[in-house]
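Here is the structure we will look at.
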Amino acid sequence: QKFVYFFGEGKAEGDAKMKELLGGKGANLAEMTNLGIPVPPGFTISTEVCAAYYENKQKYPEGLEKEVLDNLTKLEKVMGKKLGDPEDPLLVSVRSGAAVSMPGMMDTILNLGMNDKAVVGLANKTGNPRFAWDAYRRFIQMYGDIVMGIPHDEFEEALAAMKKAKKVELDTGLDAKDLENLVVEYKKIYKKHTKKDFPQNPLDQLWGAINAVFGSWMNERAIKYRELNNIKGLKGTAVNVQSMVFGNFGDDSGTGVCFSRDPSTGKNEFYGEFLMNAQGEDVVAGIRTPEKIATLAKKNKKVYEQLLDIKDKLENHFRDMQDMEFTVQQGVLYILQTRNGKRAGAAAVKIAVDMVAEGLIDKETAIKRVTPEHLDQLLHPMIDPKALKGIKPLTKGLNASPGAACGRIVFTAKDAEEWAERGEKVLLVRKDTSPEDIGGMVVSEGILTSTGGMTSHAAVVARGMGTPCVAGAKGVSVQGKKVVIGEKTFKEGDWITIDGSTGDVYEGQFPLISPKMSKDLETFLSWCDKVCADSVRGNVKGFLVRTNADQPEDAKRAFDFGAQGVGLCRTEHMFFDKEKLIHFRTMIVADTEEARKEALKKILPLQKKDFFGIFKAMEGRPVTIRLLDPPLHEFVPHTKEEVAELAEHLGVKPKDLQPKIDKLHEANPMLGHRGCRLAVTYPEIYDMQVEAIVLAAIDCVKKNIPVKPEIMIPIVCDEQELALLRPRAEAIIKKNLEKAKVKLDIQIGTMIEVPRAALLADKIAAFADFFSFGTNDLTQMTFAFSRDDVGSFMPAYEKLGLLDVDPFKSVDEEGVGMLMNWATTKGRSVKSDLKVGICGEQGGDPATIDFCFRTGLNYVSCSPFRVPIARLTAAQAVL
Ligand code: ADP
Ligand code: MG
Ligand code: MG
């Protein structure tokens, strides 16, 4: 078995396809080497070694040591230098890198091979003693921190003390002698913590670093990152040992990060940042504020143009936006990393659309590249422009991650977590962030930092999470538990609002609104719709996205977001309306059918009005209206005042009314008098609703508004219920249509939400034009988990791993899904063209949408704001 893969001199043993084995970084270093791009030579120890290391009690597999040493010898030969050589030492970096990029989560050590003799050799050989000592002190710091776990603050303090003593502001102000003295200080710190001298043998250093990188695979923050990002099934990290190039060699050297397109907006513009005379992490750490990439053209035109060439070459090669790390040593350019860049939602859509137009990718690839999270971000709130009129921001920083957020100021990740736990909305305000802060960043509404650029930790992580972020705001200065923003001082708990799309920071709270769809997004989603419309599964053509909308405004919004119809219109809110509730209550306590009809008459016009509004909003797309569903119990007057009010309305004494009300009490309303059972006892209710639907539809027809109503009967458990209710509804429809001389086809279907109905779906299908899975109740009844009470035990289930996912978020494929599958098959065995959809809360969830596609459903239905995401995930399910 081969453990180690060499790259260098235009040839590599690996390539880009070997990400799983070499990690993303290693595979792409190999690929770039093969492409002839200037990459410092090195070798990659495979992820399989990491897996074996953890399987075998942190021992390496047989033969690894020799293979590493052989590759080191090869590297030394290529470089013409030896590790730790006292005259002309080779220095290397030891870099982590898993198959999936986890920025900043694992460890990297630079300048390895440095020791007391090598530093002198390097100083003499390069004629640059300042550089040599700087490299040595950085190495002690990184090695101490990463390999030995010494708090890096202690090194930082020693550095700060030295700068203070020398009265300089920047690291670059220290000279060789200062740095040499600093090395002495650093070694003391090292010894204090480890009780040992700093290791001088480069091979000891190398193995220490390799151990640390493999060790970092299982460190807390890496584990948490994988958890948060749902990264599973990786073998481990690879370790890249690579010869060093030096951005800290002097003023003709530098280091930077760049993107082939703007990762925030997606514009096809070269984008990036760099620092002269700096090494590696300096840019990302946000210690000094970096310069825009365009200014590199002024400093070194040749390098800049070479970089432009390379970014084009890499983007064309990988056919995706590239995120690259580079270093310039004495005017010579090296590329240290490339990967497909993470991007904000707007950028993801724009890049996908642009690359199709440029002929770089096809539409299918474009659809696969945009994630539900990207769209989620795009549909993120922004500050209501009306509320902003005449208001000046306190200050402006970089628009690091789009979307607006309001929250109360907290200054540490820990505080953020504690406050959020109590239900507070928090906004994390910091000088900068680091990987330890990840927990607090996740729970924050937004993030504001005073230092760092677009590629700082805060910016990268926030973009990844879709959390609004303003970074590097110079007008922000954090001082303990206070912060000055612009001219004003704020303390913990004060409200501020940030706009991550513009970089503005405001005092106080603002109303947030959802943005409109951009042209690019519409183009993109129209491709998704096409894929969905064209899909064929057996008899079923198309896979559509509908919406759950109870009111005309919701329907309108959903229509604008591209909903192909209404999958569920609940009608109960029309009964709960303050004015109408009294009539409904009158109805349920009435003794005669006449009295009941009289009371319901008052509700009919309101229902009709809403139905008309929804039909109109949907412009002839199907609208499924569910007849009254909730338990009668919910309408029964409970308080003394409510009973008194009803008694007064009826002209009776409260004490005479009370016994009737008591009789309506139910021990378990969710399994009680609800859904079609209401119509079995009080048929007038559904009669009235059906009439309202037909009348609204007739109005539409008369006004030339296309209309397609569908009536849905809930909580059915037996076909006899439908056998009873359907003809009644048909008669009302017929009567009203004839009276109005209007021809219209109104389908009558049922919800499948009681397990027995799913089991007997073939019998039920005989009486239903369509099925819609009510997965909230179906889940509740299949699991016997009360939807309203899961909060008391579900967290424990999740923690213990008893359930993979919350079945109310994502349909439980194994159990509930089995019922859905059965019901669909059985139903279609009777009616081959039976239309089947889903209208439960899970209908907007990507995994559920995928399952619904595989199960042969005609459509999914979700809340209006989820519609664009559902259109995307529906297309991804098809592809
Ligand atoms: P991460 O995965 O956290 O980005 P990297 O392994 O990419 O870590 O290393 C971080 C930075 O260290 C790089 O961006 C680069 O600037 C610097 N670096 C790594 N290896 C070398 C090297 N061989 N020569 C010069 N700089 C390096
Ligand atoms: Mg990197
Ligand atoms: Mg239900």
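The way I read the labels, and the way they are meant: chains A, B, ... in the order of the structure tokens, residue 1 as the first residue of every chain, and ligand 1 as the first ligand shown, with later ones counted on from there.
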
Show me which residues are within 9 Å of ligand 3 counting only C-alpha atoms and all ligand atoms, and format the list as a PyMOL selection string. chain A and resi 629-630+675+714-715+751-754+773-778+840

Emit the selected residues as an mmCIF file, in the first residue's frame, including C-alpha atoms.
```cif
data_model
loop_
_atom_site.group_PDB
_atom_site.id
_atom_site.type_symbol
_atom_site.label_atom_id
_atom_site.label_comp_id
_atom_site.auth_asym_id
_atom_site.auth_seq_id
_atom_site.Cartn_x
_atom_site.Cartn_y
_atom_site.Cartn_z
ATOM 1 C CA ASP A 629 -60.089 20.529 10.279
ATOM 2 C CA PRO A 630 -59.328 21.531 13.889
ATOM 3 C CA GLY A 675 -61.831 16.983 10.436
ATOM 4 C CA PRO A 714 -59.284 15.985 6.132
ATOM 5 C CA ILE A 715 -58.845 13.268 8.790
ATOM 6 C CA MET A 751 -55.875 14.146 2.913
ATOM 7 C CA ILE A 752 -53.979 11.040 3.829
ATOM 8 C CA GLU A 753 -52.934 11.721 7.381
ATOM 9 C CA VAL A 754 -54.432 8.897 9.418
ATOM 10 C CA PHE A 773 -50.222 13.652 2.517
ATOM 11 C CA GLY A 774 -50.743 15.614 5.703
ATOM 12 C CA THR A 775 -47.389 14.617 7.077
ATOM 13 C CA ASN A 776 -47.740 16.550 10.308
ATOM 14 C CA ASP A 777 -50.622 14.421 11.507
ATOM 15 C CA LEU A 778 -49.380 11.343 9.701
ATOM 16 C CA GLY A 840 -47.178 18.942 5.683
#
```

According to DSSP computed on the backbone, where in region 552-770 of chain A is there strand (DSSP E)? Give the residues as a VMD selection string. chain A and resid 566 to 569 622 to 626 708 to 713 747 to 752 770

Based on the selection just made, write C-alpha atoms of those residues as an mmCIF file, in the first residue's frame.
```
data_model
loop_
_atom_site.group_PDB
_atom_site.id
_atom_site.type_symbol
_atom_site.label_atom_id
_atom_site.label_comp_id
_atom_site.auth_asym_id
_atom_site.auth_seq_id
_atom_site.Cartn_x
_atom_site.Cartn_y
_atom_site.Cartn_z
ATOM 1 C CA VAL A 566 -51.856 26.126 -3.607
ATOM 2 C CA GLY A 567 -51.369 22.720 -2.041
ATOM 3 C CA LEU A 568 -53.081 23.618 1.168
ATOM 4 C CA CYS A 569 -55.431 26.436 2.061
ATOM 5 C CA PRO A 622 -54.923 24.729 -8.874
ATOM 6 C CA VAL A 623 -55.948 25.742 -5.354
ATOM 7 C CA THR A 624 -56.600 22.992 -2.850
ATOM 8 C CA ILE A 625 -58.912 24.113 -0.080
ATOM 9 C CA ARG A 626 -59.140 21.983 2.985
ATOM 10 C CA LYS A 708 -59.202 25.700 -10.625
ATOM 11 C CA PRO A 709 -60.538 24.830 -7.182
ATOM 12 C CA GLU A 710 -59.911 21.523 -5.452
ATOM 13 C CA ILE A 711 -61.789 20.539 -2.340
ATOM 14 C CA MET A 712 -59.957 18.473 0.234
ATOM 15 C CA ILE A 713 -61.513 16.509 3.070
ATOM 16 C CA GLN A 747 -62.128 18.018 -7.945
ATOM 17 C CA ILE A 748 -62.774 16.467 -4.569
ATOM 18 C CA GLY A 749 -59.940 14.693 -2.846
ATOM 19 C CA THR A 750 -58.721 13.766 0.562
ATOM 20 C CA MET A 751 -55.875 14.146 2.913
ATOM 21 C CA ILE A 752 -53.979 11.040 3.829
ATOM 22 C CA PHE A 770 -56.460 13.278 -5.396
#
```

Which residue of A:Thr502, A:Gln322, A:Gln200, A:Thr782 approaches Arg339 (chain A) most closely, using only C-alpha atoms: A:Gln322

Cut-off 12 Å, only C-alpha atoms and all ligand atoms, neighbours of ligand 2 as a PyMOL selection string: chain A and resi 24-26+28-29+93-98+101-109+240+255-258+280-285+323-327+335-339+341+455+457

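The residue set within 7 Å of Ala344 (chain A), counting only C-alpha atoms and dropping same-chain residues fewer than 6 places from it, reads Pro263, Ser264, His374, Ser401 and Arg463 of chain A.
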
Among listed residues A:Arg674, A:Lys195, A:Lys414, A:Arg138, nearest ligand 1 (using only C-alpha atoms and all ligand atoms):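 Closest residue, counting only C-alpha atoms and all ligand atoms: A:Arg138.
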
As a PyMOL selection string, please: the residues near Lys474 (chain A) (cut-off 10 Å, only C-alpha atoms, same-chain neighbours under 3 positions excluded). chain A and resi 289+395-398+431+449-452+471+477+485-486

Could you list, as JSON, numbers by chain, every residue within 9 Å of Ala420 (chain A), counting only C-alpha atoms and ignoring same-chain residues fewer than 4 positions away? {"A": [415, 416, 424, 425, 426, 440, 443, 444]}

With distances taken over only C-alpha atoms and all ligand atoms, which residue among A:Tyr143, A:Pro435, A:Arg226, A:Ile150 lies nearest ligand 1?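 Smallest separation from ligand 1 among the options: A:Pro435.
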